[in-house]
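Trainee: Just dropping this structure here.
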Amino acid sequence: MNLRAMLKAYLGILTVLGLLMLSVPLIDIVYGEPISMLFLIVGEALILIGLLAGGLSAEPLSPLEALSVGALGWLTLPLISGLILNYEVGIPLVDSVFESVSGFTGTGFTVLTLRGMKHSIIFWRSLMQWTGELGFVVFAMVFVPYFYEVARELYGVERPVKIEASFYRTALRLLMTYVVLTAAGAVFYYLSGMTLFESVNHIMTTIATGGMSTYDKGYALIFSRAPITYVPVMVFMILGGMNLYNLNNLVSGRIRSFVRSEELQYYLLTVVIVPLIAFLSYILVEHYSDIRAAFLQSIFNTVSGITTTGFSIGSLKALKEPTKAIITMGMFIGSMSFSTAGGIKSLRLMLIFKKFRHAITSMIVPPSAVRTITTLRRVISESDISNALLLVIIHAFAVFTGATIISAYGYSFIDSLFEATSAASCVGLSVGVVSAHAQLGVKLTIISLMLLGRIEYLHLFLLISFLVNRRIFKVLRV
């Protein structure tokens, strides 16, 4: 292995982490609160180390080396943040690591008590989600000069879709689109009744489909004070669940290309059908007498689950099993490919549905009349469909395994399944299992599911393919 190249790429990622950490003492200064010294010291140290790493001569990473650096990053970045939070906030180490993993994976579970917390720590939670969901590799590609020359392969592992001629220009375009949507959302949130601090934090966690809030009661507290915020939050949750390629077309004004996306049609269909089923459950199963409240809560919570954002209004814990199962189904499906959202994604659902329809057609019409499976005039191979189905099976296996472990600690299986699906799909909705008082085994299980769900088992697939000396799996990294 080219250890020097791996070290250089890894230090490039740590440079981005250092730059982000400096925002914490800056927020402290703005709000006149005690300076978070460890964020300042570690942030400056990481930046200095990253600058020194620029002088290392190294060849570009190989796929296996890129895979290793990516895995190392996902394991150590939350740990570094967790150690600092452990010192700054004074919570147990497992809780601080849990919070950091939840932040960087864009899940949104929390074990912190935010009342009385410094503004900078609350902002750090939002920033973790905003950067973690787009990806540290994207930021490193743009802001660390030497990263592109040594870590192009790492970008190909994390974000393998090109929308420009090079990975650098692709990363820059993605970041610009991300920033534009974040800025626009902050304005709409502010105009609809949020404070400036609430607006910035909530749009960061909305567009990143993360869901962390500035309050212990979450977005529900803001909704109770400013109900009109429901509209822009819904809009940006749905946008956050969209394919970054489609969002680039939307922001760039290429509306025809935007609406032609077949996956977008499946996604929007899911966003309409599943929430309506949940609404019926709120009426028929939950027996809500207030139709307006049933509509607002069911639609919002289910869309939040599908987009894997994690905001909620009303009590999820009090829901009956059928309603929890519907929301769980939405979380399992998730949003679009190449987005910040989790779940199995609309593209895989579309491929499996098309394969099912193709199989049925093959049984009732002559072979000469059976058409190939296509999407946007591209023929879909059996390998593509098999890989999509494989990931769905692996995801389901992870969810059910996690739910089984959690239920062993005394929780009902439907609550355990809800929580495991929320973790593996990086959603953050909870029925009360996740808390500071949860058992250590529950927290470790949730941490594992969050990490696996965020990388979509990609590192596992690639590692197995290298170990058995076969061609790298053509996993649909979407």
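Residue numbers start at 1 in each chain; chains themselves are named A, B, ... in the order of the structure tokens; ligands are numbered from 1 in the order shown.
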Could you give me, as an MDAnalysis selection string, each residue of region 155-384 of chain A that DSSP assigns to strand (DSSP E) when run on this structure's backbone?
Mentor: chainID A and resid 374:375 378:379
Trainee: Identify, with DSSP run on backbone atoms, the residues in region 340-450 of chain A assigned to helix (DSSP H, G or I), and express the list as a PyMOL selection string.
Mentor: chain A and resi 346-364+367-369+382-407+413-424+440-450
Trainee: May I have the residues from that selection written out with C-alpha atoms, as a PDB file, in the first residue's frame?
Mentor:
```pdb
ATOM      1  CA  SER A 346     -36.276   5.488  -5.054  1.00  0.00           C
ATOM      2  CA  LEU A 347     -33.956   4.327  -7.834  1.00  0.00           C
ATOM      3  CA  ARG A 348     -33.596   0.855  -6.373  1.00  0.00           C
ATOM      4  CA  LEU A 349     -37.321   0.688  -5.720  1.00  0.00           C
ATOM      5  CA  MET A 350     -37.907   1.698  -9.335  1.00  0.00           C
ATOM      6  CA  LEU A 351     -35.522  -0.941 -10.692  1.00  0.00           C
ATOM      7  CA  ILE A 352     -37.078  -3.702  -8.601  1.00  0.00           C
ATOM      8  CA  PHE A 353     -40.594  -2.631  -9.603  1.00  0.00           C
ATOM      9  CA  LYS A 354     -39.625  -2.576 -13.284  1.00  0.00           C
ATOM     10  CA  LYS A 355     -38.067  -6.008 -12.990  1.00  0.00           C
ATOM     11  CA  PHE A 356     -41.230  -7.331 -11.334  1.00  0.00           C
ATOM     12  CA  ARG A 357     -43.395  -5.843 -14.098  1.00  0.00           C
ATOM     13  CA  HIS A 358     -41.036  -7.243 -16.729  1.00  0.00           C
ATOM     14  CA  ALA A 359     -41.267 -10.721 -15.175  1.00  0.00           C
ATOM     15  CA  ILE A 360     -45.074 -10.605 -15.165  1.00  0.00           C
ATOM     16  CA  THR A 361     -45.136  -9.414 -18.778  1.00  0.00           C
ATOM     17  CA  SER A 362     -42.800 -12.240 -19.809  1.00  0.00           C
ATOM     18  CA  MET A 363     -45.289 -14.792 -18.512  1.00  0.00           C
ATOM     19  CA  ILE A 364     -48.323 -13.503 -20.409  1.00  0.00           C
ATOM     20  CA  PRO A 367     -41.058 -13.486 -25.957  1.00  0.00           C
ATOM     21  CA  SER A 368     -40.802 -11.310 -29.065  1.00  0.00           C
ATOM     22  CA  ALA A 369     -43.139  -8.754 -27.465  1.00  0.00           C
ATOM     23  CA  GLU A 382     -29.536  -7.763 -14.931  1.00  0.00           C
ATOM     24  CA  SER A 383     -26.398  -6.939 -12.941  1.00  0.00           C
ATOM     25  CA  ASP A 384     -27.777  -3.494 -12.068  1.00  0.00           C
ATOM     26  CA  ILE A 385     -31.032  -5.009 -10.853  1.00  0.00           C
ATOM     27  CA  SER A 386     -29.258  -7.748  -8.924  1.00  0.00           C
ATOM     28  CA  ASN A 387     -27.035  -5.235  -7.161  1.00  0.00           C
ATOM     29  CA  ALA A 388     -30.027  -3.071  -6.285  1.00  0.00           C
ATOM     30  CA  LEU A 389     -31.835  -6.084  -4.863  1.00  0.00           C
ATOM     31  CA  LEU A 390     -28.706  -7.150  -2.981  1.00  0.00           C
ATOM     32  CA  LEU A 391     -28.440  -3.824  -1.187  1.00  0.00           C
ATOM     33  CA  VAL A 392     -32.147  -3.895  -0.293  1.00  0.00           C
ATOM     34  CA  ILE A 393     -31.686  -7.351   1.231  1.00  0.00           C
ATOM     35  CA  ILE A 394     -28.543  -6.290   3.122  1.00  0.00           C
ATOM     36  CA  HIS A 395     -30.307  -3.172   4.403  1.00  0.00           C
ATOM     37  CA  ALA A 396     -33.301  -5.220   5.562  1.00  0.00           C
ATOM     38  CA  PHE A 397     -30.986  -7.724   7.235  1.00  0.00           C
ATOM     39  CA  ALA A 398     -29.164  -4.939   9.088  1.00  0.00           C
ATOM     40  CA  VAL A 399     -32.452  -3.399  10.215  1.00  0.00           C
ATOM     41  CA  PHE A 400     -33.937  -6.668  11.479  1.00  0.00           C
ATOM     42  CA  THR A 401     -30.695  -7.666  13.186  1.00  0.00           C
ATOM     43  CA  GLY A 402     -30.516  -4.301  14.919  1.00  0.00           C
ATOM     44  CA  ALA A 403     -34.196  -4.490  15.900  1.00  0.00           C
ATOM     45  CA  THR A 404     -33.688  -7.950  17.372  1.00  0.00           C
ATOM     46  CA  ILE A 405     -30.757  -6.756  19.480  1.00  0.00           C
ATOM     47  CA  ILE A 406     -32.652  -3.681  20.690  1.00  0.00           C
ATOM     48  CA  SER A 407     -35.763  -5.709  21.545  1.00  0.00           C
ATOM     49  CA  PHE A 413     -40.339  -5.320  18.521  1.00  0.00           C
ATOM     50  CA  ILE A 414     -42.268  -2.664  16.565  1.00  0.00           C
ATOM     51  CA  ASP A 415     -40.559   0.102  18.572  1.00  0.00           C
ATOM     52  CA  SER A 416     -37.198  -1.627  18.079  1.00  0.00           C
ATOM     53  CA  LEU A 417     -37.877  -1.997  14.352  1.00  0.00           C
ATOM     54  CA  PHE A 418     -38.888   1.658  14.098  1.00  0.00           C
ATOM     55  CA  GLU A 419     -35.688   2.769  15.844  1.00  0.00           C
ATOM     56  CA  ALA A 420     -33.416   0.395  13.892  1.00  0.00           C
ATOM     57  CA  THR A 421     -34.904   1.513  10.575  1.00  0.00           C
ATOM     58  CA  SER A 422     -34.534   5.137  11.604  1.00  0.00           C
ATOM     59  CA  ALA A 423     -30.864   4.539  12.438  1.00  0.00           C
ATOM     60  CA  ALA A 424     -29.933   2.446   9.372  1.00  0.00           C
ATOM     61  CA  LEU A 440     -25.025   0.834  26.337  1.00  0.00           C
ATOM     62  CA  GLY A 441     -25.867  -2.084  24.022  1.00  0.00           C
ATOM     63  CA  VAL A 442     -28.709  -0.086  22.477  1.00  0.00           C
ATOM     64  CA  LYS A 443     -26.471   2.928  21.884  1.00  0.00           C
ATOM     65  CA  LEU A 444     -23.708   0.832  20.310  1.00  0.00           C
ATOM     66  CA  THR A 445     -26.223  -0.939  18.067  1.00  0.00           C
ATOM     67  CA  ILE A 446     -27.646   2.390  16.908  1.00  0.00           C
ATOM     68  CA  ILE A 447     -24.132   3.774  16.290  1.00  0.00           C
ATOM     69  CA  SER A 448     -23.274   0.749  14.122  1.00  0.00           C
ATOM     70  CA  LEU A 449     -26.498   1.055  12.118  1.00  0.00           C
ATOM     71  CA  MET A 450     -25.992   4.788  11.559  1.00  0.00           C
TER      72      MET A 450
END
```
Trainee: Would you compute the distance between CA of Gly241 (chain A) and CA of Ser166 (chain A)? Give it in Å to one decimal.
Mentor: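 Taking CA of Gly241 (chain A) and CA of Ser166 (chain A), their separation equals 24.6 Å.
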Trainee: Would you compute the distance between CA of Leu280 (chain A) and CA of Val233 (chain A)? Give it in Å to one decimal.
Mentor: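 Answer for the CA of Leu280 (chain A) to CA of Val233 (chain A) separation: 22.5 Å.
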Trainee: Would you list the contacts of Leu114 (chain A) as a PyMOL selection string, taking every protein, DNA or RNA residue within 12 Å and counting only C-alpha atoms, but skipping same-chain residues closer than 3 positions in sequence?
Mentor: chain A and resi 89+110-111+117-123+125+212-218
Trainee: Using only C-alpha atoms, which residues of region 172-251 of chain A come within 8 Å of region 291-313 of chain A, and what is the closest atom pair for each, with the distance in Å to one decimal? Give it as a tab-separated table, sorted by chain and residue number.
Mentor:
```
residue	atom	partner	partner_atom	distance
A:Thr205	CA	A:Thr309	CA	7.6
A:Thr206	CA	A:Thr309	CA	6.2
A:Ala208	CA	A:Thr309	CA	7.6
A:Thr209	CA	A:Thr309	CA	3.9
A:Gly210	CA	A:Thr309	CA	4.9
A:Gly211	CA	A:Gly310	CA	4.5
A:Met212	CA	A:Gly310	CA	7.6
A:Gly218	CA	A:Phe311	CA	7.0
A:Tyr219	CA	A:Phe311	CA	6.1
A:Ala220	CA	A:Ile313	CA	4.8
A:Phe223	CA	A:Ile313	CA	7.7
A:Met234	CA	A:Phe300	CA	7.0
A:Met237	CA	A:Thr307	CA	6.3
A:Ile238	CA	A:Thr307	CA	6.3
A:Gly240	CA	A:Thr307	CA	7.1
A:Gly241	CA	A:Thr307	CA	4.8
```
Trainee: Mind dumping the selected residues with N, CA and C atoms as a PDB file, in the first residue's frame?
Mentor:
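Ended up saving to part.pdb:
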```
ATOM      1  N   THR A 205     -29.861  21.579   8.848  1.00  0.00           N
ATOM      2  CA  THR A 205     -30.226  20.191   9.129  1.00  0.00           C
ATOM      3  C   THR A 205     -31.399  19.711   8.281  1.00  0.00           C
ATOM      4  N   THR A 206     -32.111  20.645   7.647  1.00  0.00           N
ATOM      5  CA  THR A 206     -33.184  20.236   6.736  1.00  0.00           C
ATOM      6  C   THR A 206     -32.621  19.836   5.387  1.00  0.00           C
ATOM      7  N   ALA A 208     -29.748  19.005   4.670  1.00  0.00           N
ATOM      8  CA  ALA A 208     -28.878  17.840   4.831  1.00  0.00           C
ATOM      9  C   ALA A 208     -29.670  16.607   5.237  1.00  0.00           C
ATOM     10  N   THR A 209     -30.990  16.751   5.311  1.00  0.00           N
ATOM     11  CA  THR A 209     -31.890  15.689   5.769  1.00  0.00           C
ATOM     12  C   THR A 209     -31.369  15.070   7.061  1.00  0.00           C
ATOM     13  N   GLY A 210     -30.998  15.962   7.996  1.00  0.00           N
ATOM     14  CA  GLY A 210     -30.435  15.523   9.270  1.00  0.00           C
ATOM     15  C   GLY A 210     -31.444  15.560  10.405  1.00  0.00           C
ATOM     16  N   GLY A 211     -32.060  16.735  10.639  1.00  0.00           N
ATOM     17  CA  GLY A 211     -33.151  16.809  11.588  1.00  0.00           C
ATOM     18  C   GLY A 211     -32.817  17.260  12.985  1.00  0.00           C
ATOM     19  N   MET A 212     -31.537  17.536  13.295  1.00  0.00           N
ATOM     20  CA  MET A 212     -31.239  18.062  14.617  1.00  0.00           C
ATOM     21  C   MET A 212     -31.829  19.462  14.759  1.00  0.00           C
ATOM     22  N   GLY A 218     -37.410  19.752  19.850  1.00  0.00           N
ATOM     23  CA  GLY A 218     -37.254  19.700  18.406  1.00  0.00           C
ATOM     24  C   GLY A 218     -38.040  20.767  17.673  1.00  0.00           C
ATOM     25  N   TYR A 219     -38.247  20.527  16.382  1.00  0.00           N
ATOM     26  CA  TYR A 219     -38.972  21.484  15.558  1.00  0.00           C
ATOM     27  C   TYR A 219     -40.395  21.705  16.069  1.00  0.00           C
ATOM     28  N   ALA A 220     -40.955  20.743  16.783  1.00  0.00           N
ATOM     29  CA  ALA A 220     -42.331  20.855  17.275  1.00  0.00           C
ATOM     30  C   ALA A 220     -42.532  22.121  18.088  1.00  0.00           C
ATOM     31  N   PHE A 223     -42.949  24.920  15.634  1.00  0.00           N
ATOM     32  CA  PHE A 223     -44.255  24.789  14.982  1.00  0.00           C
ATOM     33  C   PHE A 223     -45.374  25.305  15.874  1.00  0.00           C
ATOM     34  N   MET A 234     -41.526  21.805   4.983  1.00  0.00           N
ATOM     35  CA  MET A 234     -41.969  20.706   4.120  1.00  0.00           C
ATOM     36  C   MET A 234     -41.297  20.784   2.749  1.00  0.00           C
ATOM     37  N   MET A 237     -37.590  19.918   3.064  1.00  0.00           N
ATOM     38  CA  MET A 237     -37.390  18.489   3.339  1.00  0.00           C
ATOM     39  C   MET A 237     -37.473  17.700   2.036  1.00  0.00           C
ATOM     40  N   ILE A 238     -38.471  18.020   1.224  1.00  0.00           N
ATOM     41  CA  ILE A 238     -38.649  17.318  -0.053  1.00  0.00           C
ATOM     42  C   ILE A 238     -37.472  17.614  -0.993  1.00  0.00           C
ATOM     43  N   GLY A 240     -34.469  18.418  -0.028  1.00  0.00           N
ATOM     44  CA  GLY A 240     -33.306  17.756   0.542  1.00  0.00           C
ATOM     45  C   GLY A 240     -33.227  16.285   0.176  1.00  0.00           C
ATOM     46  N   GLY A 241     -34.379  15.663  -0.060  1.00  0.00           N
ATOM     47  CA  GLY A 241     -34.405  14.263  -0.431  1.00  0.00           C
ATOM     48  C   GLY A 241     -34.173  14.006  -1.904  1.00  0.00           C
TER      49      GLY A 241
END
```
Trainee: Within 6 Å of region 326-342 of chain A, which residues of region 219-298 of chain A show up? Give each one with its shortest atom-to-atom distance in Å (one decimal) and the two atoms involved, counting only C-alpha atoms, rows by chain then rising residue number, as a tab-separated table.
Mentor:
```
residue	atom	partner	partner_atom	distance
A:Gly241	CA	A:Ser335	CA	5.1
A:Met242	CA	A:Met336	CA	5.3
A:Asn243	CA	A:Ser339	CA	4.5
A:Leu244	CA	A:Ser339	CA	5.4
```
Trainee: Using C-alpha atoms, can you export the residues from the last selection as a PDB file, in the first residue's frame?
Mentor:
```
ATOM      1  CA  GLY A 241     -34.405  14.263  -0.431  1.00  0.00           C
ATOM      2  CA  MET A 242     -33.812  14.921  -4.125  1.00  0.00           C
ATOM      3  CA  ASN A 243     -30.918  13.778  -6.276  1.00  0.00           C
ATOM      4  CA  LEU A 244     -28.108  16.359  -6.215  1.00  0.00           C
TER       5      LEU A 244
END
```
Trainee: In Å, rounded to a single decimal, give me how far CA of Leu38 (chain A) is from CA of Ala5 (chain A).
Mentor: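 Spanning CA of Ala5 (chain A) to CA of Leu38 (chain A) is a straight-line distance of 28.6 Å.
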Trainee: Which is closer to Leu250 (chain A) than all the others in A:Tyr146, A:Phe98, A:Tyr288, A:Tyr178, using only C-alpha atoms?
Mentor: A:Tyr178
Trainee: When you count only C-alpha atoms, which of these residues is closest to Val274 (chain A): A:Ala318, A:Thr323, A:Glu456, A:Gly50?
Mentor: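 Looking at the shortest contact to Val274 (chain A), the residue is A:Thr323.
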Trainee: Residues at most 12 Å from Ser96 (chain A), counting only C-alpha atoms, excluding those fewer than 6 positions away in the same chain, as a PyMOL selection string?
Mentor: chain A and resi 78-90+102-103+109-113+121+125+436+443+447
Trainee: Write the residues of the preceding selection, restricted to N, CA and C atoms, as a PDB file, in the first residue's frame.
Mentor:
```pdb
ATOM      1  N   PRO A  78     -15.900  11.158  13.777  1.00  0.00           N
ATOM      2  CA  PRO A  78     -16.849  11.240  14.899  1.00  0.00           C
ATOM      3  C   PRO A  78     -16.166  11.029  16.251  1.00  0.00           C
ATOM      4  N   LEU A  79     -15.110  10.216  16.267  1.00  0.00           N
ATOM      5  CA  LEU A  79     -14.392   9.976  17.521  1.00  0.00           C
ATOM      6  C   LEU A  79     -13.690  11.240  17.989  1.00  0.00           C
ATOM      7  N   ILE A  80     -13.043  11.952  17.067  1.00  0.00           N
ATOM      8  CA  ILE A  80     -12.366  13.206  17.416  1.00  0.00           C
ATOM      9  C   ILE A  80     -13.379  14.214  17.947  1.00  0.00           C
ATOM     10  N   SER A  81     -14.480  14.379  17.225  1.00  0.00           N
ATOM     11  CA  SER A  81     -15.533  15.294  17.673  1.00  0.00           C
ATOM     12  C   SER A  81     -16.097  14.845  19.011  1.00  0.00           C
ATOM     13  N   GLY A  82     -16.269  13.534  19.169  1.00  0.00           N
ATOM     14  CA  GLY A  82     -16.816  13.001  20.411  1.00  0.00           C
ATOM     15  C   GLY A  82     -15.922  13.287  21.606  1.00  0.00           C
ATOM     16  N   LEU A  83     -14.619  13.143  21.420  1.00  0.00           N
ATOM     17  CA  LEU A  83     -13.678  13.420  22.510  1.00  0.00           C
ATOM     18  C   LEU A  83     -13.733  14.886  22.927  1.00  0.00           C
ATOM     19  N   ILE A  84     -13.870  15.768  21.931  1.00  0.00           N
ATOM     20  CA  ILE A  84     -13.932  17.203  22.246  1.00  0.00           C
ATOM     21  C   ILE A  84     -15.256  17.542  22.931  1.00  0.00           C
ATOM     22  N   LEU A  85     -16.362  16.988  22.441  1.00  0.00           N
ATOM     23  CA  LEU A  85     -17.652  17.220  23.088  1.00  0.00           C
ATOM     24  C   LEU A  85     -17.655  16.666  24.506  1.00  0.00           C
ATOM     25  N   ASN A  86     -16.997  15.543  24.684  1.00  0.00           N
ATOM     26  CA  ASN A  86     -16.900  14.946  26.012  1.00  0.00           C
ATOM     27  C   ASN A  86     -16.248  15.932  26.993  1.00  0.00           C
ATOM     28  N   TYR A  87     -15.240  16.634  26.530  1.00  0.00           N
ATOM     29  CA  TYR A  87     -14.540  17.609  27.372  1.00  0.00           C
ATOM     30  C   TYR A  87     -15.354  18.896  27.529  1.00  0.00           C
ATOM     31  N   GLU A  88     -15.897  19.403  26.439  1.00  0.00           N
ATOM     32  CA  GLU A  88     -16.576  20.695  26.457  1.00  0.00           C
ATOM     33  C   GLU A  88     -17.928  20.641  27.164  1.00  0.00           C
ATOM     34  N   VAL A  89     -18.666  19.559  26.969  1.00  0.00           N
ATOM     35  CA  VAL A  89     -20.035  19.470  27.493  1.00  0.00           C
ATOM     36  C   VAL A  89     -20.089  18.682  28.796  1.00  0.00           C
ATOM     37  N   GLY A  90     -19.125  17.785  28.985  1.00  0.00           N
ATOM     38  CA  GLY A  90     -19.080  17.028  30.215  1.00  0.00           C
ATOM     39  C   GLY A  90     -20.058  15.870  30.276  1.00  0.00           C
ATOM     40  N   SER A 102     -24.201  10.531  15.053  1.00  0.00           N
ATOM     41  CA  SER A 102     -25.522  10.946  14.607  1.00  0.00           C
ATOM     42  C   SER A 102     -25.450  12.221  13.779  1.00  0.00           C
ATOM     43  N   GLY A 103     -24.543  13.126  14.167  1.00  0.00           N
ATOM     44  CA  GLY A 103     -24.392  14.374  13.423  1.00  0.00           C
ATOM     45  C   GLY A 103     -23.767  14.167  12.062  1.00  0.00           C
ATOM     46  N   PHE A 109     -30.517  11.643  15.659  1.00  0.00           N
ATOM     47  CA  PHE A 109     -30.759  11.208  17.035  1.00  0.00           C
ATOM     48  C   PHE A 109     -29.943  12.092  17.978  1.00  0.00           C
ATOM     49  N   THR A 110     -30.468  12.310  19.171  1.00  0.00           N
ATOM     50  CA  THR A 110     -29.695  13.089  20.134  1.00  0.00           C
ATOM     51  C   THR A 110     -29.840  12.525  21.536  1.00  0.00           C
ATOM     52  N   VAL A 111     -28.765  12.613  22.292  1.00  0.00           N
ATOM     53  CA  VAL A 111     -28.786  12.203  23.697  1.00  0.00           C
ATOM     54  C   VAL A 111     -28.382  13.380  24.581  1.00  0.00           C
ATOM     55  N   LEU A 112     -28.345  14.582  23.995  1.00  0.00           N
ATOM     56  CA  LEU A 112     -27.982  15.779  24.736  1.00  0.00           C
ATOM     57  C   LEU A 112     -29.213  16.498  25.277  1.00  0.00           C
ATOM     58  N   THR A 113     -29.028  17.236  26.363  1.00  0.00           N
ATOM     59  CA  THR A 113     -30.034  18.183  26.845  1.00  0.00           C
ATOM     60  C   THR A 113     -29.598  19.562  26.382  1.00  0.00           C
ATOM     61  N   ILE A 121     -22.195  25.106  20.576  1.00  0.00           N
ATOM     62  CA  ILE A 121     -22.319  23.652  20.567  1.00  0.00           C
ATOM     63  C   ILE A 121     -23.557  23.243  19.769  1.00  0.00           C
ATOM     64  N   ARG A 125     -23.534  20.970  16.195  1.00  0.00           N
ATOM     65  CA  ARG A 125     -24.369  19.816  15.857  1.00  0.00           C
ATOM     66  C   ARG A 125     -24.972  19.979  14.464  1.00  0.00           C
ATOM     67  N   ALA A 436     -30.577   9.555  26.515  1.00  0.00           N
ATOM     68  CA  ALA A 436     -29.347   9.503  27.307  1.00  0.00           C
ATOM     69  C   ALA A 436     -29.359   8.319  28.278  1.00  0.00           C
ATOM     70  N   LYS A 443     -27.213   1.816  22.492  1.00  0.00           N
ATOM     71  CA  LYS A 443     -26.471   2.928  21.884  1.00  0.00           C
ATOM     72  C   LYS A 443     -25.440   2.424  20.877  1.00  0.00           C
ATOM     73  N   ILE A 447     -25.329   3.190  16.907  1.00  0.00           N
ATOM     74  CA  ILE A 447     -24.132   3.774  16.290  1.00  0.00           C
ATOM     75  C   ILE A 447     -23.703   2.954  15.077  1.00  0.00           C
TER      76      ILE A 447
END
```
Trainee: Determine, counting only C-alpha atoms, which protein, DNA and RNA residues have an atom within 6 Å of an atom of region 179-186 of chain A; residues of the same chain fewer than 3 positions away are not included. Present the result as a ChimeraX atom specification.
Mentor: /A:176,189,199-200,203
Trainee: Residues as selected, C-alpha atoms, written as an mmCIF file, in the first residue's frame, can you do that?
Mentor:
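Below is the file again.cif, written as the result:
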```
data_model
loop_
_atom_site.group_PDB
_atom_site.id
_atom_site.type_symbol
_atom_site.label_atom_id
_atom_site.label_comp_id
_atom_site.auth_asym_id
_atom_site.auth_seq_id
_atom_site.Cartn_x
_atom_site.Cartn_y
_atom_site.Cartn_z
ATOM 1 C CA MET A 176 -22.496 25.820 -4.827
ATOM 2 C CA TYR A 189 -37.440 30.159 7.460
ATOM 3 C CA SER A 199 -33.310 29.631 10.674
ATOM 4 C CA VAL A 200 -29.631 28.953 10.017
ATOM 5 C CA ILE A 203 -32.128 24.884 7.250
#
```
